>>> print(open('protein21.pdb').read())   # PDB, C-alpha atoms
ATOM      1  CA  MET A   1     -13.546  20.797   2.550
ATOM      2  CA  THR A   2     -10.778  23.352   2.336
ATOM      3  CA  GLN A   3     -10.335  25.357  -0.839
ATOM      4  CA  LEU A   4      -7.439  24.293  -3.025
ATOM      5  CA  ASN A   5      -5.224  27.313  -2.410
ATOM      6  CA  ALA A   6      -5.699  27.753   1.338
ATOM      7  CA  PRO A   7      -2.398  28.408   3.159
ATOM      8  CA  ASP A   8      -3.001  25.770   5.827
ATOM      9  CA  GLN A   9      -3.427  22.896   3.402
ATOM     10  CA  ILE A  10      -1.908  19.517   4.050
ATOM     11  CA  GLU A  11      -0.771  17.448   1.082
ATOM     12  CA  ILE A  12      -1.375  13.720   1.540
ATOM     13  CA  PHE A  13      -0.501  10.877  -0.797
ATOM     14  CA  ILE A  14      -3.227   8.297  -1.336
ATOM     15  CA  GLN A  15      -3.424   4.876  -2.922
ATOM     16  CA  GLY A  16      -6.270   2.455  -2.702
ATOM     17  CA  GLU A  17      -8.629   0.012  -4.240
ATOM     18  CA  GLY A  18      -8.867   1.248  -7.832
ATOM     19  CA  ILE A  19      -6.154   3.900  -7.302
ATOM     20  CA  PRO A  20      -2.919   2.148  -8.302
ATOM     21  CA  LYS A  21      -0.831   5.283  -8.809
ATOM     22  CA  ILE A  22       0.313   7.401  -5.915
ATOM     23  CA  THR A  23      -2.007  10.413  -5.937
ATOM     24  CA  LEU A  24      -1.379  13.707  -4.174
ATOM     25  CA  VAL A  25      -4.456  15.330  -2.601
ATOM     26  CA  LYS A  26      -4.805  18.524  -0.598
ATOM     27  CA  LEU A  27      -6.882  18.895   2.545
ATOM     28  CA  GLY A  28      -7.213  21.288   5.438
ATOM     29  CA  PRO A  29      -6.239  20.302   8.991
ATOM     30  CA  LYS A  30      -9.914  20.520  10.039
ATOM     31  CA  ASP A  31     -11.096  18.248   7.218
ATOM     32  CA  THR A  32     -11.827  14.688   8.291
ATOM     33  CA  VAL A  33     -10.626  11.254   7.250
ATOM     34  CA  ALA A  34     -14.042  10.882   5.578
ATOM     35  CA  ASP A  35     -13.023  13.805   3.338
ATOM     36  CA  ILE A  36      -9.982  11.787   2.256
ATOM     37  CA  VAL A  37     -12.339   8.980   1.241
ATOM     38  CA  LYS A  38     -14.569  11.433  -0.649
ATOM     39  CA  ILE A  39     -11.586  12.794  -2.579
ATOM     40  CA  ALA A  40     -10.334   9.238  -3.201
ATOM     41  CA  ARG A  41     -13.685   8.421  -4.826
ATOM     42  CA  GLU A  42     -13.118  11.359  -7.187
ATOM     43  CA  HIS A  43      -9.754   9.778  -8.096
ATOM     44  CA  GLY A  44     -11.129   6.309  -8.842
ATOM     45  CA  LEU A  45     -11.663   4.539  -5.520
ATOM     46  CA  SER A  46     -13.616   1.493  -6.671
ATOM     47  CA  ALA A  47     -15.460   0.791  -3.415
ATOM     48  CA  PRO A  48     -19.146   1.717  -3.794
ATOM     49  CA  GLU A  49     -20.280   4.660  -1.682
ATOM     50  CA  ASP A  50     -22.539   2.538   0.500
ATOM     51  CA  THR A  51     -19.740   0.160   1.555
ATOM     52  CA  GLU A  52     -17.414   0.404   4.514
ATOM     53  CA  VAL A  53     -13.790   1.203   3.773
ATOM     54  CA  CYS A  54     -10.728   1.312   5.984
ATOM     55  CA  VAL A  55      -8.182   4.107   5.825
ATOM     56  CA  PHE A  56      -4.690   2.922   6.765
ATOM     57  CA  ILE A  57      -1.480   4.801   7.409
ATOM     58  CA  GLU A  58       1.261   3.417   5.128
ATOM     59  CA  ASN A  59       3.102   0.333   6.391
ATOM     60  CA  THR A  60       1.002   0.095   9.541
ATOM     61  CA  ASP A  61      -2.079  -1.788  10.667
ATOM     62  CA  VAL A  62      -3.420   1.509  12.012
ATOM     63  CA  THR A  63      -6.866   2.355  10.662
ATOM     64  CA  LEU A  64      -8.194   5.850  11.013
ATOM     65  CA  GLU A  65     -11.701   6.651  12.220
ATOM     66  CA  LEU A  66     -13.654   8.470   9.510
ATOM     67  CA  ASP A  67     -14.895  11.263  11.783
ATOM     68  CA  VAL A  68     -11.425  12.241  13.027
ATOM     69  CA  LYS A  69      -9.975  15.518  11.796
ATOM     70  CA  ILE A  70      -6.774  15.366   9.730
ATOM     71  CA  ASP A  71      -4.787  17.313  12.336
ATOM     72  CA  GLU A  72      -5.952  14.929  15.085
ATOM     73  CA  ALA A  73      -5.351  11.729  13.098
ATOM     74  CA  GLY A  74      -1.571  12.026  13.201
ATOM     75  CA  LEU A  75      -1.335  12.834   9.509
ATOM     76  CA  THR A  76       1.365  15.291   8.582
ATOM     77  CA  PRO A  77       2.292  16.866   5.265
ATOM     78  CA  ARG A  78       3.236  14.155   2.763
ATOM     79  CA  SER A  79       1.735  11.353   4.871
ATOM     80  CA  ARG A  80       0.765   8.294   2.848
ATOM     81  CA  VAL A  81      -2.564   6.549   3.330
ATOM     82  CA  HIS A  82      -4.373   3.625   1.745
ATOM     83  CA  ILE A  83      -8.125   3.139   1.364
ATOM     84  CA  HIS A  84      -9.535  -0.365   0.901
ATOM     85  CA  ARG A  85     -12.413  -2.651   1.812
ATOM     86  CA  CYS A  86     -10.007  -5.492   2.694
ATOM     87  CA  LYS A  87      -8.653  -5.206   6.223
ATOM     88  CA  SER A  88      -5.840  -7.675   5.563
ATOM     89  CA  VAL A  89      -4.058  -9.184   2.579
ATOM     90  CA  GLU A  90      -2.750 -12.748   2.646
ATOM     91  CA  VAL A  91       0.572 -12.650   0.811
ATOM     92  CA  THR A  92       2.387 -15.712  -0.518
ATOM     93  CA  VAL A  93       6.028 -15.374  -1.570
ATOM     94  CA  ASN A  94       7.607 -18.169  -3.633
ATOM     95  CA  TYR A  95      11.381 -18.649  -3.706
ATOM     96  CA  ASN A  96      13.440 -21.663  -4.764
ATOM     97  CA  GLN A  97      10.408 -23.973  -4.792
ATOM     98  CA  ASP A  98       9.482 -22.914  -1.251
ATOM     99  CA  GLN A  99       6.461 -20.893  -0.194
ATOM    100  CA  LYS A 100       5.996 -18.497   2.736
ATOM    101  CA  LYS A 101       2.699 -16.864   3.739
ATOM    102  CA  GLY A 102       2.097 -13.756   5.781
ATOM    103  CA  PHE A 103      -0.653 -11.245   6.453
ATOM    104  CA  PHE A 104      -0.276  -7.522   5.844
ATOM    105  CA  ALA A 105      -2.450  -4.437   5.892
ATOM    106  CA  PRO A 106      -3.319  -3.255   2.359
ATOM    107  CA  SER A 107      -1.136  -0.218   3.128
ATOM    108  CA  ALA A 108       2.032  -2.322   3.261
ATOM    109  CA  THR A 109       4.419  -1.435   0.483
ATOM    110  CA  VAL A 110       5.961  -3.977  -1.864
ATOM    111  CA  ASP A 111       9.292  -3.053  -0.247
ATOM    112  CA  ARG A 112       7.907  -3.928   3.205
ATOM    113  CA  VAL A 113       6.806  -7.365   1.925
ATOM    114  CA  LYS A 114      10.206  -7.912   0.335
ATOM    115  CA  GLU A 115      11.967  -7.015   3.619
ATOM    116  CA  TRP A 116       9.756  -9.554   5.410
ATOM    117  CA  ALA A 117      10.338 -12.273   2.781
ATOM    118  CA  THR A 118      14.112 -11.850   2.675
ATOM    119  CA  GLY A 119      14.438 -11.486   6.454
ATOM    120  CA  LYS A 120      15.859 -13.998   8.909
ATOM    121  CA  ASP A 121      12.462 -15.432   9.861
ATOM    122  CA  GLN A 122      11.578 -16.267   6.253
ATOM    123  CA  TYR A 123      14.154 -16.872   3.477
ATOM    124  CA  ASN A 124      17.081 -15.414   5.442
ATOM    125  CA  LEU A 125      18.894 -13.771   2.536
ATOM    126  CA  SER A 126      21.990 -11.713   3.210
ATOM    127  CA  PRO A 127      21.555  -7.967   2.600
ATOM    128  CA  VAL A 128      23.606  -8.299  -0.605
ATOM    129  CA  ASP A 129      21.493 -11.203  -1.878
ATOM    130  CA  ALA A 130      18.268  -9.433  -0.900
ATOM    131  CA  ALA A 131      19.348  -6.372  -2.886
ATOM    132  CA  GLU A 132      19.786  -8.592  -5.950
ATOM    133  CA  HIS A 133      16.170  -9.816  -5.848
ATOM    134  CA  VAL A 134      12.774  -8.313  -6.641
ATOM    135  CA  LEU A 135       9.164  -9.308  -6.169
ATOM    136  CA  LYS A 136       7.116 -10.118  -9.260
ATOM    137  CA  VAL A 137       3.403 -10.827  -9.221
ATOM    138  CA  CYS A 138       2.881 -14.560  -9.773
ATOM    139  CA  ASN A 139       1.769 -15.659 -13.242
ATOM    140  CA  SER A 140       2.100 -12.175 -14.691
ATOM    141  CA  GLY A 141       5.728 -11.083 -14.555
ATOM    142  CA  ASP A 142       4.584  -7.649 -13.355
ATOM    143  CA  GLN A 143       7.164  -6.083 -11.083
ATOM    144  CA  PRO A 144       5.463  -3.348  -9.069
ATOM    145  CA  ASP A 145       7.553  -0.452  -7.780
ATOM    146  CA  GLU A 146       8.711  -0.823  -4.191
ATOM    147  CA  GLU A 147       6.567   2.078  -2.939
ATOM    148  CA  VAL A 148       3.323   0.588  -4.300
ATOM    149  CA  HIS A 149       0.817  -0.437  -1.641
ATOM    150  CA  ILE A 150      -0.066  -4.110  -1.966
ATOM    151  CA  GLY A 151      -3.751  -3.262  -1.622
ATOM    152  CA  THR A 152      -3.636  -1.757  -5.107
ATOM    153  CA  LEU A 153      -2.765  -5.214  -6.421
ATOM    154  CA  VAL A 154      -5.803  -7.032  -4.979
ATOM    155  CA  LYS A 155      -9.493  -6.715  -5.683
ATOM    156  CA  PHE A 156     -12.141  -7.010  -3.013
ATOM    157  CA  PRO A 157     -13.304  -9.496  -1.785
ATOM    158  CA  ASP A 158     -10.243 -11.567  -2.764
ATOM    159  CA  GLY A 159      -7.654 -10.445  -0.244
ATOM    160  CA  THR A 160      -4.843 -12.663  -1.520
ATOM    161  CA  LEU A 161      -1.677 -11.838  -3.396
ATOM    162  CA  CYS A 162       1.164 -13.997  -4.689
ATOM    163  CA  PHE A 163       4.720 -12.920  -5.484
ATOM    164  CA  ASP A 164       7.739 -14.723  -6.846
ATOM    165  CA  LEU A 165      11.054 -13.594  -5.338
ATOM    166  CA  VAL A 166      13.388 -13.572  -8.337
ATOM    167  CA  ALA A 167      16.857 -12.338  -9.227
ATOM    168  CA  LYS A 168      16.978  -8.900 -10.827
ATOM    169  CA  GLN A 169      17.459  -8.867 -14.562
ATOM    170  CA  ARG A 170      20.966  -7.733 -15.365
ATOM    171  CA  VAL A 171      21.683  -5.761 -18.481
ATOM    172  CA  GLU A 172      25.152  -6.350 -19.791
ATOM    173  CA  GLY A 173      26.494  -4.310 -22.613
TER     174      GLY A 173
END
>>> encode(input="protein21.pdb", output="structure tokens")
Amino acid sequence: MTQLNAPDQIEIFIQGEGIPKITLVKLGPKDTVADIVKIAREHGLSAPEDTEVCVFIENTDVTLELDVKIDEAGLTPRSRVHIHRCKSVEVTVNYNQDQKKGFFAPSATVDRVKEWATGKDQYNLSPVDAAEHVLKVCNSGDQPDEEVHIGTLVKFPDGTLCFDLVAKQRVEG
């Protein structure tokens, strides 16, 4: 892998199974996607070394082949990737005693799921109403940031996630 201070380094943001916080890593354009996985393991990737993982580009179903070089994989500086053993996450969103289910790549952001849930094919909220709601993890009250990949919220092999779509808390003073 490329040395840390090489001038041709590419900074990539990673999240993944066991890596809930967005983590910046540095690679060279000739490093491979497998090198991303190796670095992710150093940052807490919880998938054992002898198991297959998928590397996704953020908010896409695109998985990257492990032997592809960074500069050939379509990754650019500040690209965001997700590493997980689950290839898909079944997401349930509850709103007003109704339930909608959809399937997303683990690299989908919480914001992407919210856009889907509030869109015309699901709960059909107006843009103003959608802006007044957030997703909270069911039975926990945890409200993940919008840029969090949903794969960080599920543990393999359980590829399911549940959110409640709730009104934002207003602070009046």
>>> resolve_selection(input="protein21.pdb", expression="the PyMOL selection byres ((chain A and resi 36) around 9)", output="PyMOL selection string")
chain A and resi 12+14+25-27+31-35+37-41+55+66+70+83
>>> closest_residue(input="protein21.pdb", among="A:Ala73, A:Cys86, A:Val134, A:Ile22", to="Thr51 of chain A", atoms="only C-alpha atoms")
A:Cys86
>>> closest_residue(input="protein21.pdb", among="A:Gln143, A:Leu153, A:Glu52, A:Asp8", to="Lys168 of chain A", atoms="all atoms listed in the file")
A:Gln143
>>> closest_residue(input="protein21.pdb", among="A:Val166, A:Val89, A:Val81, A:Ala47", to="Thr63 of chain A", atoms="only C-alpha atoms")
A:Val81
>>> closest_residue(input="protein21.pdb", among="A:Lys69, A:Pro127, A:Val113, A:Gln122", to="Asp98 of chain A", atoms="all atoms listed in the file")
A:Gln122
>>> closest_residue(input="protein21.pdb", among="A:Val91, A:Ile19, A:Ala131, A:Leu125", to="Thr152 of chain A", atoms="only C-alpha atoms")
A:Ile19
>>> resolve_selection(input="protein21.pdb", expression="the PyMOL selection byres ((chain A and resi 97) around 12)", output="list in words")
Val93, Asn94, Tyr95, Asn96, Asp98, Gln99, Lys100, Tyr123, Asp164, Leu165 and Val166 of chain A
>>> write_last_selection(input="protein21.pdb", atoms="C-alpha atoms", output="PDB file, keeping the file's coordinate frame")
ATOM      1  CA  VAL A  93       6.028 -15.374  -1.570  1.00  0.00           C
ATOM      2  CA  ASN A  94       7.607 -18.169  -3.633  1.00  0.00           C
ATOM      3  CA  TYR A  95      11.381 -18.649  -3.706  1.00  0.00           C
ATOM      4  CA  ASN A  96      13.440 -21.663  -4.764  1.00  0.00           C
ATOM      5  CA  ASP A  98       9.482 -22.914  -1.251  1.00  0.00           C
ATOM      6  CA  GLN A  99       6.461 -20.893  -0.194  1.00  0.00           C
ATOM      7  CA  LYS A 100       5.996 -18.497   2.736  1.00  0.00           C
ATOM      8  CA  TYR A 123      14.154 -16.872   3.477  1.00  0.00           C
ATOM      9  CA  ASP A 164       7.739 -14.723  -6.846  1.00  0.00           C
ATOM     10  CA  LEU A 165      11.054 -13.594  -5.338  1.00  0.00           C
ATOM     11  CA  VAL A 166      13.388 -13.572  -8.337  1.00  0.00           C
TER      12      VAL A 166
END
>>> closest_residue(input="protein21.pdb", among="A:Thr76, A:Thr60, A:Ser126, A:Thr118", to="Ser88 of chain A", atoms="all atoms listed in the file")
A:Thr60
>>> resolve_selection(input="protein21.pdb", expression="the PyMOL selection byres ((chain A and resi 151) around 8)", output="PDB file with C-alpha atoms, keeping the file's coordinate frame")
ATOM      1  CA  GLY A  16      -6.270   2.455  -2.702  1.00  0.00           C
ATOM      2  CA  GLU A  17      -8.629   0.012  -4.240  1.00  0.00           C
ATOM      3  CA  HIS A  82      -4.373   3.625   1.745  1.00  0.00           C
ATOM      4  CA  HIS A  84      -9.535  -0.365   0.901  1.00  0.00           C
ATOM      5  CA  CYS A  86     -10.007  -5.492   2.694  1.00  0.00           C
ATOM      6  CA  VAL A  89      -4.058  -9.184   2.579  1.00  0.00           C
ATOM      7  CA  ALA A 105      -2.450  -4.437   5.892  1.00  0.00           C
ATOM      8  CA  PRO A 106      -3.319  -3.255   2.359  1.00  0.00           C
ATOM      9  CA  SER A 107      -1.136  -0.218   3.128  1.00  0.00           C
ATOM     10  CA  ALA A 108       2.032  -2.322   3.261  1.00  0.00           C
ATOM     11  CA  HIS A 149       0.817  -0.437  -1.641  1.00  0.00           C
ATOM     12  CA  ILE A 150      -0.066  -4.110  -1.966  1.00  0.00           C
ATOM     13  CA  THR A 152      -3.636  -1.757  -5.107  1.00  0.00           C
ATOM     14  CA  LEU A 153      -2.765  -5.214  -6.421  1.00  0.00           C
ATOM     15  CA  VAL A 154      -5.803  -7.032  -4.979  1.00  0.00           C
ATOM     16  CA  LYS A 155      -9.493  -6.715  -5.683  1.00  0.00           C
TER      17      LYS A 155
END
>>> decode(input="protein21.pdb", residues="segment 91-105 of chain A", atoms="all heavy atoms", output="JSON list (two decimals), in the first residue's frame")
[["chain", "number", "residue", "atom", "x", "y", "z"],
["A", 91, "VAL", "N", -35.48, -2.82, 5.13],
["A", 91, "VAL", "CA", -35.81, -1.69, 5.99],
["A", 91, "VAL", "C", -37.33, -1.57, 6.11],
["A", 91, "VAL", "O", -38.04, -1.58, 5.10],
["A", 91, "VAL", "CB", -35.22, -0.37, 5.44],
["A", 91, "VAL", "CG1", -35.62, 0.81, 6.31],
["A", 91, "VAL", "CG2", -33.70, -0.47, 5.33],
["A", 92, "THR", "N", -37.80, -1.45, 7.34],
["A", 92, "THR", "CA", -39.20, -1.18, 7.62],
["A", 92, "THR", "C", -39.28, 0.23, 8.19],
["A", 92, "THR", "O", -38.50, 0.59, 9.08],
["A", 92, "THR", "CB", -39.77, -2.18, 8.66],
["A", 92, "THR", "OG1", -39.60, -3.49, 8.15],
["A", 92, "THR", "CG2", -41.24, -1.91, 8.94],
["A", 93, "VAL", "N", -40.22, 1.03, 7.65],
["A", 93, "VAL", "CA", -40.44, 2.37, 8.19],
["A", 93, "VAL", "C", -41.90, 2.45, 8.64],
["A", 93, "VAL", "O", -42.82, 2.20, 7.86],
["A", 93, "VAL", "CB", -40.14, 3.47, 7.14],
["A", 93, "VAL", "CG1", -40.44, 4.85, 7.72],
["A", 93, "VAL", "CG2", -38.68, 3.39, 6.69],
["A", 94, "ASN", "N", -42.09, 2.78, 9.92],
["A", 94, "ASN", "CA", -43.41, 2.93, 10.52],
["A", 94, "ASN", "C", -43.79, 4.40, 10.58],
["A", 94, "ASN", "O", -42.97, 5.24, 10.97],
["A", 94, "ASN", "CB", -43.42, 2.37, 11.95],
["A", 94, "ASN", "CG", -43.03, 0.92, 12.00],
["A", 94, "ASN", "OD1", -43.56, 0.10, 11.27],
["A", 94, "ASN", "ND2", -42.07, 0.60, 12.86],
["A", 95, "TYR", "N", -45.05, 4.69, 10.20],
["A", 95, "TYR", "CA", -45.55, 6.07, 10.26],
["A", 95, "TYR", "C", -47.07, 6.02, 10.38],
["A", 95, "TYR", "O", -47.74, 5.37, 9.58],
["A", 95, "TYR", "CB", -45.14, 6.82, 8.98],
["A", 95, "TYR", "CG", -45.64, 8.24, 8.90],
["A", 95, "TYR", "CD1", -45.18, 9.22, 9.77],
["A", 95, "TYR", "CD2", -46.56, 8.59, 7.94],
["A", 95, "TYR", "CE1", -45.64, 10.53, 9.68],
["A", 95, "TYR", "CE2", -47.02, 9.90, 7.83],
["A", 95, "TYR", "CZ", -46.56, 10.86, 8.70],
["A", 95, "TYR", "OH", -47.02, 12.14, 8.60],
["A", 96, "ASN", "N", -47.58, 6.70, 11.38],
["A", 96, "ASN", "CA", -49.03, 6.77, 11.59],
["A", 96, "ASN", "C", -49.70, 5.39, 11.53],
["A", 96, "ASN", "O", -50.67, 5.18, 10.82],
["A", 96, "ASN", "CB", -49.70, 7.69, 10.56],
["A", 96, "ASN", "CG", -49.47, 9.15, 10.89],
["A", 96, "ASN", "OD1", -49.07, 9.49, 12.01],
["A", 96, "ASN", "ND2", -49.72, 10.01, 9.93],
["A", 97, "GLN", "N", -49.16, 4.45, 12.26],
["A", 97, "GLN", "CA", -49.70, 3.09, 12.36],
["A", 97, "GLN", "C", -49.70, 2.35, 11.02],
["A", 97, "GLN", "O", -50.47, 1.41, 10.84],
["A", 97, "GLN", "CB", -51.08, 3.11, 12.99],
["A", 97, "GLN", "CG", -51.06, 3.69, 14.38],
["A", 97, "GLN", "CD", -52.43, 3.79, 15.01],
["A", 97, "GLN", "OE1", -53.43, 3.33, 14.48],
["A", 97, "GLN", "NE2", -52.48, 4.40, 16.19],
["A", 98, "ASP", "N", -48.88, 2.78, 10.09],
["A", 98, "ASP", "CA", -48.72, 2.10, 8.81],
["A", 98, "ASP", "C", -47.25, 1.67, 8.72],
["A", 98, "ASP", "O", -46.38, 2.23, 9.39],
["A", 98, "ASP", "CB", -49.08, 3.05, 7.66],
["A", 98, "ASP", "CG", -49.21, 2.33, 6.32],
["A", 98, "ASP", "OD1", -49.25, 1.08, 6.30],
["A", 98, "ASP", "OD2", -49.27, 3.02, 5.30],
["A", 99, "GLN", "N", -47.01, 0.68, 7.88],
["A", 99, "GLN", "CA", -45.67, 0.12, 7.76],
["A", 99, "GLN", "C", -45.32, -0.07, 6.28],
["A", 99, "GLN", "O", -46.11, -0.63, 5.53],
["A", 99, "GLN", "CB", -45.67, -1.23, 8.47],
["A", 99, "GLN", "CG", -44.34, -1.74, 8.90],
["A", 99, "GLN", "CD", -44.49, -3.00, 9.74],
["A", 99, "GLN", "OE1", -44.92, -4.02, 9.22],
["A", 99, "GLN", "NE2", -44.16, -2.91, 11.01],
["A", 100, "LYS", "N", -44.15, 0.41, 5.89],
["A", 100, "LYS", "CA", -43.65, 0.23, 4.53],
["A", 100, "LYS", "C", -42.31, -0.49, 4.61],
["A", 100, "LYS", "O", -41.50, -0.22, 5.49],
["A", 100, "LYS", "CB", -43.45, 1.57, 3.81],
["A", 100, "LYS", "CG", -44.67, 2.46, 3.78],
["A", 100, "LYS", "CD", -45.70, 1.96, 2.80],
["A", 100, "LYS", "CE", -46.86, 2.97, 2.74],
["A", 100, "LYS", "NZ", -47.93, 2.56, 1.89],
["A", 101, "LYS", "N", -42.08, -1.41, 3.67],
["A", 101, "LYS", "CA", -40.81, -2.16, 3.63],
["A", 101, "LYS", "C", -40.13, -1.92, 2.30],
["A", 101, "LYS", "O", -40.78, -1.83, 1.26],
["A", 101, "LYS", "CB", -41.06, -3.65, 3.80],
["A", 101, "LYS", "CG", -41.49, -4.04, 5.20],
["A", 101, "LYS", "CD", -41.59, -5.56, 5.33],
["A", 101, "LYS", "CE", -42.19, -5.91, 6.67],
["A", 101, "LYS", "NZ", -41.22, -6.16, 7.68],
["A", 102, "GLY", "N", -38.82, -1.84, 2.35],
["A", 102, "GLY", "CA", -38.01, -1.71, 1.15],
["A", 102, "GLY", "C", -36.66, -2.35, 1.37],
["A", 102, "GLY", "O", -36.28, -2.67, 2.50],
["A", 103, "PHE", "N", -35.94, -2.57, 0.30],
["A", 103, "PHE", "CA", -34.61, -3.17, 0.36],
["A", 103, "PHE", "C", -33.58, -2.18, -0.15],
["A", 103, "PHE", "O", -33.80, -1.54, -1.18],
["A", 103, "PHE", "CB", -34.57, -4.46, -0.47],
["A", 103, "PHE", "CG", -35.38, -5.56, 0.14],
["A", 103, "PHE", "CD1", -36.72, -5.69, -0.15],
["A", 103, "PHE", "CD2", -34.81, -6.46, 1.03],
["A", 103, "PHE", "CE1", -37.49, -6.70, 0.42],
["A", 103, "PHE", "CE2", -35.55, -7.47, 1.61],
["A", 103, "PHE", "CZ", -36.89, -7.60, 1.29],
["A", 104, "PHE", "N", -32.48, -2.07, 0.58],
["A", 104, "PHE", "CA", -31.43, -1.12, 0.26],
["A", 104, "PHE", "C", -30.07, -1.79, 0.42],
["A", 104, "PHE", "O", -29.92, -2.70, 1.23],
["A", 104, "PHE", "CB", -31.47, 0.09, 1.21],
["A", 104, "PHE", "CG", -32.73, 0.90, 1.11],
["A", 104, "PHE", "CD1", -33.85, 0.55, 1.84],
["A", 104, "PHE", "CD2", -32.79, 2.00, 0.27],
["A", 104, "PHE", "CE1", -35.02, 1.29, 1.75],
["A", 104, "PHE", "CE2", -33.95, 2.74, 0.18],
["A", 104, "PHE", "CZ", -35.07, 2.38, 0.91],
["A", 105, "ALA", "N", -29.09, -1.29, -0.31],
["A", 105, "ALA", "CA", -27.71, -1.71, -0.08],
["A", 105, "ALA", "C", -27.29, -1.17, 1.28],
["A", 105, "ALA", "O", -27.79, -0.13, 1.73],
["A", 105, "ALA", "CB", -26.80, -1.15, -1.18]]
